[in-house]
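Raw coords_15.pdb, PDB, C-alpha atoms:
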ATOM      1  CA  MET A   1     220.412  -4.649 140.584
ATOM      2  CA  THR A   2     223.527  -6.741 141.139
ATOM      3  CA  SER A   3     226.645  -5.709 139.321
ATOM      4  CA  ASP A   4     226.565  -9.161 137.631
ATOM      5  CA  LEU A   5     223.109  -8.525 136.155
ATOM      6  CA  GLY A   6     224.200  -5.057 135.126
ATOM      7  CA  LYS A   7     227.206  -6.473 133.279
ATOM      8  CA  ILE A   8     225.038  -9.148 131.650
ATOM      9  CA  ILE A   9     222.493  -6.549 130.471
ATOM     10  CA  PHE A  10     225.261  -4.352 129.109
ATOM     11  CA  ALA A  11     226.918  -7.287 127.338
ATOM     12  CA  LYS A  12     223.616  -8.354 125.834
ATOM     13  CA  LEU A  13     222.965  -4.844 124.567
ATOM     14  CA  GLN A  14     226.417  -4.745 122.962
ATOM     15  CA  GLU A  15     225.667  -8.088 121.321
ATOM     16  CA  PHE A  16     222.397  -6.776 119.850
ATOM     17  CA  LYS A  17     224.140  -3.682 118.634
ATOM     18  CA  GLU A  18     226.743  -5.732 116.792
ATOM     19  CA  GLU A  19     224.114  -8.056 115.298
ATOM     20  CA  THR A  20     221.815  -5.279 114.125
ATOM     21  CA  GLY A  21     224.311  -2.559 113.279
ATOM     22  CA  GLY A  22     222.754  -0.320 115.938
ATOM     23  CA  THR A  23     219.212  -0.229 114.519
ATOM     24  CA  ILE A  24     216.209  -2.445 115.129
ATOM     25  CA  ASP A  25     213.265  -2.867 112.789
ATOM     26  CA  ILE A  26     210.267  -1.413 114.684
ATOM     27  CA  ASN A  27     208.187  -4.415 113.578
ATOM     28  CA  ASN A  28     210.527  -6.714 115.459
ATOM     29  CA  ILE A  29     211.161  -4.679 118.565
ATOM     30  CA  ASP A  30     208.827  -6.750 120.756
ATOM     31  CA  VAL A  31     210.612  -9.931 119.687
ATOM     32  CA  VAL A  32     213.990  -8.368 120.415
ATOM     33  CA  VAL A  33     212.915  -7.212 123.892
ATOM     34  CA  GLN A  34     211.477 -10.673 124.657
ATOM     35  CA  SER A  35     214.680 -12.438 123.619
ATOM     36  CA  PHE A  36     216.634  -9.957 125.706
ATOM     37  CA  MET A  37     214.468 -10.757 128.732
ATOM     38  CA  ASP A  38     214.832 -14.511 128.186
ATOM     39  CA  ALA A  39     218.590 -14.077 128.122
ATOM     40  CA  VAL A  40     218.791 -12.187 131.430
ATOM     41  CA  LYS A  41     216.084 -14.131 133.359
ATOM     42  CA  SER A  42     218.424 -16.913 134.359
ATOM     43  CA  HIS A  43     220.784 -14.380 135.935
ATOM     44  CA  VAL A  44     218.232 -12.814 138.280
ATOM     45  CA  ASN A  45     219.340 -13.406 141.859
ATOM     46  CA  THR A  46     218.146 -10.615 144.125
ATOM     47  CA  GLU A  47     214.908  -8.732 144.812
ATOM     48  CA  ALA A  48     216.344  -5.717 143.023
ATOM     49  CA  ASP A  49     217.078  -7.869 139.978
ATOM     50  CA  VAL A  50     213.450  -9.035 139.997
ATOM     51  CA  GLU A  51     212.227  -5.429 140.062
ATOM     52  CA  VAL A  52     214.398  -4.533 137.070
ATOM     53  CA  LEU A  53     213.134  -7.534 135.170
ATOM     54  CA  CYS A  54     209.505  -6.639 136.002
ATOM     55  CA  GLU A  55     210.009  -3.117 134.668
ATOM     56  CA  ILE A  56     211.507  -4.427 131.424
ATOM     57  CA  GLU A  57     208.566  -6.808 131.128
ATOM     58  CA  LYS A  58     206.104  -3.917 131.509
ATOM     59  CA  ILE A  59     207.872  -2.046 128.718
ATOM     60  CA  SER A  60     207.769  -5.137 126.541
ATOM     61  CA  GLN A  61     204.031  -5.570 127.132
ATOM     62  CA  GLN A  62     203.371  -1.896 126.358
ATOM     63  CA  ILE A  63     205.248  -2.220 123.077
ATOM     64  CA  LYS A  64     203.203  -5.288 122.152
ATOM     65  CA  ASP A  65     199.903  -3.568 123.057
ATOM     66  CA  THR A  66     200.778  -0.421 121.102
ATOM     67  CA  LYS A  67     201.839  -2.424 118.068
ATOM     68  CA  LYS A  68     198.551  -4.342 118.230
ATOM     69  CA  ASP A  69     196.465  -1.152 118.563
ATOM     70  CA  ILE A  70     198.174   0.470 115.607
ATOM     71  CA  SER A  71     197.889  -2.673 113.486
ATOM     72  CA  ASN A  72     194.179  -2.931 114.318
ATOM     73  CA  ALA A  73     193.476   0.677 113.462
ATOM     74  CA  ASN A  74     191.749   1.000 110.144
ATOM     75  CA  PRO A  75     193.510   3.580 107.969
ATOM     76  CA  ASP A  76     190.441   4.016 105.763
ATOM     77  CA  LYS A  77     188.207   4.702 108.747
ATOM     78  CA  LEU A  78     190.810   7.052 110.149
ATOM     79  CA  GLN A  79     190.715   8.974 106.893
ATOM     80  CA  GLU A  80     186.980   9.409 107.480
ATOM     81  CA  ASP A  81     187.228  10.241 111.180
ATOM     82  CA  PHE A  82     189.798  13.049 110.976
ATOM     83  CA  PRO A  83     188.084  15.050 108.230
ATOM     84  CA  ASP A  84     184.793  14.439 110.029
ATOM     85  CA  ALA A  85     186.230  15.978 113.200
ATOM     86  CA  ALA A  86     187.488  18.971 111.203
ATOM     87  CA  THR A  87     184.103  19.339 109.469
ATOM     88  CA  GLN A  88     182.295  19.281 112.811
ATOM     89  CA  LEU A  89     184.533  22.018 114.153
ATOM     90  CA  ILE A  90     184.076  24.178 111.062
ATOM     91  CA  SER A  91     180.331  23.657 111.420
ATOM     92  CA  VAL A  92     180.560  25.005 114.985
ATOM     93  CA  THR A  93     182.152  28.182 113.624
ATOM     94  CA  LYS A  94     179.413  28.612 111.006
ATOM     95  CA  THR A  95     176.628  28.015 113.535
ATOM     96  CA  THR A  96     178.046  30.503 116.020
ATOM     97  CA  GLU A  97     178.570  33.019 113.204
ATOM     98  CA  LYS A  98     174.908  32.823 112.250
ATOM     99  CA  SER A  99     173.731  33.140 115.854
ATOM    100  CA  THR A 100     176.101  36.046 116.455
ATOM    101  CA  ASN A 101     174.744  37.885 113.433
ATOM    102  CA  ASP A 102     171.191  37.329 114.688
ATOM    103  CA  ILE A 103     172.138  38.843 118.048
ATOM    104  CA  LEU A 104     173.864  41.805 116.392
ATOM    105  CA  GLU A 105     170.836  42.361 114.170
ATOM    106  CA  ALA A 106     168.601  42.517 117.237
ATOM    107  CA  ALA A 107     170.976  44.936 119.005
ATOM    108  CA  GLU A 108     171.059  47.192 115.931
ATOM    109  CA  GLN A 109     167.266  47.199 115.761
ATOM    110  CA  ILE A 110     167.117  48.268 119.406
ATOM    111  CA  GLN A 111     169.542  51.107 118.628
ATOM    112  CA  ALA A 112     167.389  52.169 115.691
ATOM    113  CA  ILE A 113     164.290  52.678 117.833
ATOM    114  CA  LEU A 114     166.128  54.495 120.627
ATOM    115  CA  PRO A 115     165.324  57.970 119.232
ATOM    116  CA  GLN A 116     161.671  57.211 120.029
ATOM    117  CA  ILE A 117     162.512  57.203 123.742
ATOM    118  CA  SER A 118     162.266  60.720 125.101
ATOM    119  CA  ASP A 119     164.029  60.087 128.407
ATOM    120  CA  GLU A 120     167.739  60.693 127.695
ATOM    121  CA  GLU A 121     168.969  58.767 130.718
ATOM    122  CA  ILE A 122     167.001  55.668 129.792
ATOM    123  CA  ARG A 123     168.079  56.057 126.172
ATOM    124  CA  ASN A 124     171.746  56.095 127.188
ATOM    125  CA  GLN A 125     171.323  53.134 129.523
ATOM    126  CA  ILE A 126     169.795  51.052 126.758
ATOM    127  CA  LEU A 127     172.455  52.206 124.286
ATOM    128  CA  ASN A 128     175.213  51.151 126.678
ATOM    129  CA  LYS A 129     173.584  47.756 127.082
ATOM    130  CA  THR A 130     173.562  47.292 123.317
ATOM    131  CA  PHE A 131     177.316  48.041 123.393
ATOM    132  CA  VAL A 132     177.752  45.282 125.985
ATOM    133  CA  ILE A 133     175.861  42.898 123.698
ATOM    134  CA  MET A 134     178.110  43.784 120.773
ATOM    135  CA  GLU A 135     181.297  43.515 122.780
ATOM    136  CA  SER A 136     180.243  40.067 123.969
ATOM    137  CA  CYS A 137     179.571  39.007 120.405
ATOM    138  CA  SER A 138     183.216  39.464 119.558
ATOM    139  CA  PHE A 139     183.689  36.031 121.156
ATOM    140  CA  GLN A 140     182.777  34.574 117.790
ATOM    141  CA  ASP A 141     185.958  35.965 116.267
ATOM    142  CA  LEU A 142     188.118  34.501 119.037
ATOM    143  CA  THR A 143     186.439  31.074 119.056
ATOM    144  CA  GLY A 144     186.715  30.974 115.282
ATOM    145  CA  GLN A 145     190.450  31.620 115.466
ATOM    146  CA  ARG A 146     190.950  28.916 118.072
ATOM    147  CA  ILE A 147     188.914  26.410 116.074
ATOM    148  CA  ASN A 148     190.855  27.170 112.900
ATOM    149  CA  LYS A 149     194.091  26.404 114.705
ATOM    150  CA  VAL A 150     192.698  23.091 115.980
ATOM    151  CA  VAL A 151     191.487  22.152 112.485
ATOM    152  CA  SER A 152     194.874  22.971 111.011
ATOM    153  CA  THR A 153     196.639  20.848 113.615
ATOM    154  CA  LEU A 154     194.154  17.992 113.106
ATOM    155  CA  GLU A 155     194.922  17.989 109.395
ATOM    156  CA  GLN A 156     198.622  17.697 110.044
ATOM    157  CA  ILE A 157     198.172  14.984 112.658
ATOM    158  CA  GLU A 158     195.962  13.074 110.242
ATOM    159  CA  LYS A 159     198.674  12.956 107.589
ATOM    160  CA  ILE A 160     201.291  11.677 109.949
ATOM    161  CA  VAL A 161     199.113   9.133 111.765
ATOM    162  CA  SER A 162     197.793   7.744 108.479
ATOM    163  CA  LYS A 163     201.324   7.142 107.326
ATOM    164  CA  LEU A 164     202.249   5.567 110.636
ATOM    165  CA  ILE A 165     199.320   3.193 110.586
ATOM    166  CA  LYS A 166     199.811   2.140 107.000
ATOM    167  CA  THR A 167     203.441   1.307 107.286
ATOM    168  CA  PHE A 168     204.245   0.976 111.018
ATOM    169  CA  LYS A 169     207.682   1.217 109.765
ATOM    170  CA  PRO A 170     208.957   4.605 110.673
ATOM    171  CA  ASP A 171     211.689   5.737 108.336
ATOM    172  CA  LYS A 172     213.802   8.785 108.869
ATOM    173  CA  ASN A 173     211.346  10.985 106.961
ATOM    174  CA  LEU A 174     208.486   9.916 109.203
ATOM    175  CA  ILE A 175     210.550  10.410 112.350
ATOM    176  CA  ASP A 176     211.381  13.900 111.096
ATOM    177  CA  GLU A 177     207.686  14.532 110.476
ATOM    178  CA  VAL A 178     206.791  13.448 114.003
ATOM    179  CA  ALA A 179     209.458  15.770 115.349
ATOM    180  CA  GLN A 180     208.067  18.522 113.159
ATOM    181  CA  LEU A 181     204.578  17.806 114.472
ATOM    182  CA  LYS A 182     205.823  18.273 118.023
ATOM    183  CA  LYS A 183     207.374  21.574 116.953
ATOM    184  CA  ILE A 184     204.116  22.596 115.222
ATOM    185  CA  LYS A 185     202.090  21.799 118.326
ATOM    186  CA  GLU A 186     204.451  23.880 120.406
ATOM    187  CA  GLN A 187     204.616  26.840 118.055
ATOM    188  CA  GLU A 188     201.282  27.129 116.281
ATOM    189  CA  LEU A 189     199.059  26.755 119.301
ATOM    190  CA  LEU A 190     201.029  29.380 121.167
ATOM    191  CA  SER A 191     199.975  32.300 119.024
ATOM    192  CA  GLY A 192     196.496  33.718 118.607
ATOM    193  CA  PRO A 193     194.018  34.373 121.400
ATOM    194  CA  GLN A 194     195.635  33.515 124.661
ATOM    195  CA  LEU A 195     193.804  31.582 127.306
ATOM    196  CA  ASN A 196     192.060  33.696 129.932
ATOM    197  CA  ASP A 197     194.482  33.019 132.767
ATOM    198  CA  LYS A 198     197.450  34.018 130.581
ATOM    199  CA  ALA A 199     195.919  36.807 128.492
ATOM    200  CA  PRO A 200     197.333  40.253 129.282
ATOM    201  CA  SER A 201     194.828  43.047 129.861
ATOM    202  CA  GLN A 202     194.483  46.097 127.626
ATOM    203  CA  LYS A 203     196.305  48.054 130.358
ATOM    204  CA  ASP A 204     199.257  45.622 130.193
ATOM    205  CA  ILE A 205     199.355  46.083 126.428
ATOM    206  CA  ASP A 206     199.093  49.888 126.779
ATOM    207  CA  ASP A 207     201.967  49.952 129.280
ATOM    208  CA  LEU A 208     204.118  47.837 126.980
ATOM    209  CA  PHE A 209     203.173  49.868 123.903
ATOM    210  CA  ASN A 210     203.955  53.172 125.575
ATOM    211  CA  SER A 211     207.269  51.892 126.883
ATOM    212  CA  ILE A 212     208.607  50.976 123.437
TER     213      ILE A 212
ATOM    214  CA  MET B   1     189.340  69.426 115.466
ATOM    215  CA  VAL B   2     188.429  65.907 114.328
ATOM    216  CA  ASN B   3     186.592  65.622 111.029
ATOM    217  CA  MET B   4     183.678  63.300 111.823
ATOM    218  CA  ASN B   5     183.133  62.757 108.093
ATOM    219  CA  MET B   6     186.573  61.200 107.736
ATOM    220  CA  ASN B   7     186.869  58.009 105.719
ATOM    221  CA  ILE B   8     187.757  55.000 107.796
ATOM    222  CA  LEU B   9     188.798  51.613 106.432
ATOM    223  CA  ILE B  10     188.318  48.593 108.689
ATOM    224  CA  VAL B  11     190.010  45.300 107.799
ATOM    225  CA  ASP B  12     189.128  41.911 109.329
ATOM    226  CA  ASP B  13     188.487  38.454 107.915
ATOM    227  CA  TYR B  14     185.596  37.920 110.363
ATOM    228  CA  LYS B  15     182.503  39.696 109.116
ATOM    229  CA  THR B  16     180.912  39.787 112.555
ATOM    230  CA  MET B  17     183.923  41.740 113.833
ATOM    231  CA  LEU B  18     183.630  44.181 110.929
ATOM    232  CA  ARG B  19     179.964  44.628 111.802
ATOM    233  CA  ILE B  20     180.736  45.260 115.482
ATOM    234  CA  ILE B  21     183.492  47.801 114.798
ATOM    235  CA  LYS B  22     181.378  49.575 112.179
ATOM    236  CA  ASN B  23     178.488  49.828 114.627
ATOM    237  CA  LEU B  24     180.683  51.190 117.426
ATOM    238  CA  LEU B  25     182.228  53.756 115.055
ATOM    239  CA  SER B  26     178.732  54.784 113.966
ATOM    240  CA  GLN B  27     177.643  55.269 117.555
ATOM    241  CA  LEU B  28     180.695  57.466 118.077
ATOM    242  CA  GLY B  29     179.665  59.564 115.088
ATOM    243  CA  PHE B  30     181.847  58.139 112.307
ATOM    244  CA  ASN B  31     179.573  57.050 109.475
ATOM    245  CA  SER B  32     181.893  56.924 106.507
ATOM    246  CA  VAL B  33     183.284  53.462 107.106
ATOM    247  CA  ASP B  34     184.360  50.943 104.462
ATOM    248  CA  GLU B  35     185.202  47.305 105.008
ATOM    249  CA  ALA B  36     187.783  44.891 103.667
ATOM    250  CA  THR B  37     188.030  41.213 104.552
ATOM    251  CA  ASN B  38     191.709  40.841 103.762
ATOM    252  CA  GLY B  39     194.880  42.840 103.208
ATOM    253  CA  SER B  40     194.812  42.641  99.426
ATOM    254  CA  MET B  41     191.271  44.000  99.309
ATOM    255  CA  ALA B  42     192.338  46.757 101.697
ATOM    256  CA  LEU B  43     195.198  47.777  99.391
ATOM    257  CA  VAL B  44     192.833  47.952  96.413
ATOM    258  CA  LYS B  45     190.462  50.207  98.365
ATOM    259  CA  LEU B  46     193.368  52.375  99.542
ATOM    260  CA  LYS B  47     194.297  53.000  95.905
ATOM    261  CA  GLU B  48     190.697  53.859  94.942
ATOM    262  CA  LYS B  49     189.793  56.251  97.739
ATOM    263  CA  ARG B  50     191.442  58.563 100.209
ATOM    264  CA  TYR B  51     191.243  57.248 103.769
ATOM    265  CA  ASP B  52     192.005  59.042 107.007
ATOM    266  CA  LEU B  53     192.265  56.047 109.309
ATOM    267  CA  ILE B  54     192.864  52.291 109.003
ATOM    268  CA  ILE B  55     191.724  49.841 111.702
ATOM    269  CA  SER B  56     192.976  46.336 111.010
ATOM    270  CA  ASP B  57     193.073  42.827 112.433
ATOM    271  CA  TRP B  58     196.423  41.008 112.473
ATOM    272  CA  ASN B  59     195.574  37.318 111.881
ATOM    273  CA  MET B  60     194.436  37.210 108.269
ATOM    274  CA  GLU B  61     195.530  35.184 105.294
ATOM    275  CA  PRO B  62     197.223  35.341 102.924
ATOM    276  CA  MET B  63     198.338  38.831 104.035
ATOM    277  CA  THR B  64     198.502  39.514 107.763
ATOM    278  CA  GLY B  65     197.654  42.863 109.298
ATOM    279  CA  LEU B  66     201.329  43.385 110.081
ATOM    280  CA  GLU B  67     202.245  42.840 106.432
ATOM    281  CA  LEU B  68     199.489  45.271 105.416
ATOM    282  CA  LEU B  69     200.877  47.838 107.863
ATOM    283  CA  LYS B  70     204.392  47.480 106.450
ATOM    284  CA  ILE B  71     203.133  47.923 102.898
ATOM    285  CA  VAL B  72     201.078  50.970 103.879
ATOM    286  CA  ARG B  73     204.087  52.525 105.603
ATOM    287  CA  SER B  74     206.271  51.895 102.552
ATOM    288  CA  GLU B  75     204.022  53.582  99.997
ATOM    289  CA  GLU B  76     204.412  57.336  99.676
ATOM    290  CA  SER B  77     200.759  58.061  98.913
ATOM    291  CA  ILE B  78     199.343  56.275 101.978
ATOM    292  CA  LYS B  79     202.130  56.037 104.531
ATOM    293  CA  HIS B  80     200.761  58.996 106.482
ATOM    294  CA  ILE B  81     197.440  57.279 107.296
ATOM    295  CA  PRO B  82     197.035  56.497 111.024
ATOM    296  CA  PHE B  83     196.841  52.742 111.591
ATOM    297  CA  ILE B  84     195.310  51.040 114.625
ATOM    298  CA  MET B  85     195.799  47.291 115.079
ATOM    299  CA  VAL B  86     192.854  45.447 116.679
ATOM    300  CA  THR B  87     193.898  41.874 117.355
ATOM    301  CA  ALA B  88     193.917  38.848 119.615
ATOM    302  CA  GLU B  89     197.724  38.767 119.343
ATOM    303  CA  SER B  90     198.874  40.018 122.719
ATOM    304  CA  LYS B  91     202.432  38.831 123.191
ATOM    305  CA  THR B  92     205.209  41.333 123.841
ATOM    306  CA  ASP B  93     206.928  40.438 120.569
ATOM    307  CA  ASN B  94     203.731  41.173 118.654
ATOM    308  CA  VAL B  95     203.316  44.612 120.201
ATOM    309  CA  ILE B  96     206.971  45.455 119.600
ATOM    310  CA  ALA B  97     206.823  44.270 115.986
ATOM    311  CA  ALA B  98     203.722  46.347 115.317
ATOM    312  CA  LYS B  99     205.149  49.458 116.895
ATOM    313  CA  GLU B 100     208.425  49.079 115.028
ATOM    314  CA  ALA B 101     206.434  48.735 111.812
ATOM    315  CA  GLY B 102     204.758  52.056 112.534
ATOM    316  CA  VAL B 103     201.389  51.259 114.118
ATOM    317  CA  ASN B 104     199.791  54.219 115.892
ATOM    318  CA  ASN B 105     197.999  52.237 118.535
ATOM    319  CA  TYR B 106     197.204  48.672 119.519
ATOM    320  CA  ILE B 107     193.917  47.234 120.811
ATOM    321  CA  VAL B 108     193.760  43.679 122.074
ATOM    322  CA  LYS B 109     190.613  41.576 121.587
ATOM    323  CA  PRO B 110     188.175  41.298 123.242
ATOM    324  CA  PHE B 111     187.757  45.044 123.617
ATOM    325  CA  ASN B 112     184.942  47.357 124.627
ATOM    326  CA  ALA B 113     183.490  50.558 123.193
ATOM    327  CA  GLU B 114     185.300  52.652 125.789
ATOM    328  CA  THR B 115     188.691  51.276 124.750
ATOM    329  CA  LEU B 116     188.000  51.872 121.080
ATOM    330  CA  LYS B 117     187.011  55.482 121.798
ATOM    331  CA  ALA B 118     190.105  56.035 123.974
ATOM    332  CA  LYS B 119     192.422  54.771 121.228
ATOM    333  CA  LEU B 120     190.676  56.854 118.584
ATOM    334  CA  VAL B 121     191.101  59.929 120.770
ATOM    335  CA  SER B 122     194.776  59.130 121.307
ATOM    336  CA  VAL B 123     195.348  58.879 117.550
ATOM    337  CA  LEU B 124     192.955  61.508 116.196
ATOM    338  CA  GLY B 125     192.470  63.913 119.089
ATOM    339  CA  GLU B 126     189.396  64.714 121.186
ATOM    340  CA  PHE B 127     185.970  64.497 119.573
TER     341      PHE B 127
END
Go ahead and render the structure in this file as structure tokens.
Amino acid sequence: MTSDLGKIIFAKLQEFKEETGGTIDINNIDVVVQSFMDAVKSHVNTEADVEVLCEIEKISQQIKDTKKDISNANPDKLQEDFPDAATQLISVTKTTEKSTNDILEAAEQIQAILPQISDEEIRNQILNKTFVIMESCSFQDLTGQRINKVVSTLEQIEKIVSKLIKTFKPDKNLIDEVAQLKKIKEQELLSGPQLNDKAPSQKDIDDLFNSI
Amino acid sequence: MVNMNMNILIVDDYKTMLRIIKNLLSQLGFNSVDEATNGSMALVKLKEKRYDLIISDWNMEPMTGLELLKIVRSEESIKHIPFIMVTAESKTDNVIAAKEAGVNNYIVKPFNAETLKAKLVSVLGEF
């Protein structure tokens, strides 16, 4: 970018700042960017200048596309879709809970008939296998916890996106809410069952516990 | 000498987990096991009956297992009861917080029967 184009861009930005008091209405941002581009186009002289202008044009097009997508989104349908997603997830938890209980019931019935087996070694082998079944069933607790966290986050996202779509006019409160959402996503999804590649083993926990 | 007739209270908001822990305790020989699905219910039961061991989850609402532990440790009549946390919370800060609050041992989910027995032995003695 030539130093001339750089000075022109800077001057234009100062001009906008003075005209708008430093803030731009989000509904007009695409118009502002377009007028900015029109103003600097005539000062493009080098290949580097052309590249800069192309990048600004891409940004302008992305803003227009995003504004169009948000305007076209139907807030009423969104208010159906989000709760529907949450309901589906809760239904997954209920279905897995029922299946888990069926498996546990079967394992308990196997344990109940074990005394009828005279061979102690076989009895113990079968008993140990029922333990493995039960231990595996504890997945339902962990999946339930993960799903609850997703549902909770979905509910919060729904509130903020609904507001955004309806107004497309972010005010300070909405900007704060978006920032809070980012914070929620960072914090809330960090606790609870950790993902397998990050989860410490019982031995890691024991070592830590005994060191305190 | 461990009293196999001891009263154990298990606390978890997932009924399948309560069922699993109860079954494992039964297989180990502990058959006097009561259940609570949240901290408040656990406190009610602790007032109604004498318990010798509490095994509790952490992530429950409105009262977490950590909050239950702190209340138990603050009440003269029940503060002596051994408390084992069984939870998916596995971060260092969690373990430290639980130990500082007075937990006797800490089991991270998912766990197996062998781990449960080992922690019971560490808290109660050999059986």
Practice problem: Using the chain letters and numbers from the file, give me the residues hit by the PyMOL selection byres ((chain B and resi 115) around 12), as an MDAnalysis selection string. | Solution: (chainID A and resid 131 135 201:203 205:206) or (chainID B and resid 21 24:25 86 105:114 116:122)
Quiz prompt | Among listed residues A:Ala39, A:Ile103, A:Val32, A:Thr87, nearest Ser60 in chain A (using only C-alpha atoms) | solution = A:Val32
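For the file at hand, the ChimeraX specification (/B :<7) & /A resolves to Asn101, Phe131, Met134, Glu135, Ser138, Asp141, Ser191, Gly192, Pro193, Pro200, Gln202, Phe209 and Ile212 of chain A.
CA of Lys64 in chain A lies 23.2 Å from CA of Gln14 in chain A.
Distance annotation: of B:Leu28, B:Asp57, B:Leu9, B:Leu69, the residue with the minimal separation from Lys45 in chain B is B:Leu9; atom set is all atoms listed in the file.
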Practice problem: Can you pull out every residue within 12 Å of Glu48 in chain B, counting only C-alpha atoms, but drop anything in the same chain fewer than 2 positions away, and send it as a PyMOL selection string? | Solution: chain B and resi 9+34+41-46+50-51+77-78
Could you take the residues named above and write them with C-alpha atoms, as a PDB file, in the frame of the given file?
ATOM      1  CA  LEU B   9     188.798  51.613 106.432  1.00  0.00           C
ATOM      2  CA  ASP B  34     184.360  50.943 104.462  1.00  0.00           C
ATOM      3  CA  MET B  41     191.271  44.000  99.309  1.00  0.00           C
ATOM      4  CA  ALA B  42     192.338  46.757 101.697  1.00  0.00           C
ATOM      5  CA  LEU B  43     195.198  47.777  99.391  1.00  0.00           C
ATOM      6  CA  VAL B  44     192.833  47.952  96.413  1.00  0.00           C
ATOM      7  CA  LYS B  45     190.462  50.207  98.365  1.00  0.00           C
ATOM      8  CA  LEU B  46     193.368  52.375  99.542  1.00  0.00           C
ATOM      9  CA  ARG B  50     191.442  58.563 100.209  1.00  0.00           C
ATOM     10  CA  TYR B  51     191.243  57.248 103.769  1.00  0.00           C
ATOM     11  CA  SER B  77     200.759  58.061  98.913  1.00  0.00           C
ATOM     12  CA  ILE B  78     199.343  56.275 101.978  1.00  0.00           C
TER      13      ILE B  78
END
Practice problem: Counting all atoms listed in the file, figure out which residue out of B:Leu66, B:Asn5, B:Ile10, B:Asp52 gets nearest to Ala36 in chain B. | Solution: B:Ile10
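Take CA of Glu15 in chain A and CA of Glu47 in chain A: the distance between them is 25.8 Å.
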Quiz item: Using all atoms listed in the file, which residue out of B:Asp93, B:Lys47, B:Thr37, B:Glu75 lies closest to Pro62 in chain B?
Solution: B:Thr37
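Distance-wise, CA of Asp30 in chain A and CA of Thr66 in chain A end up 10.2 Å apart.
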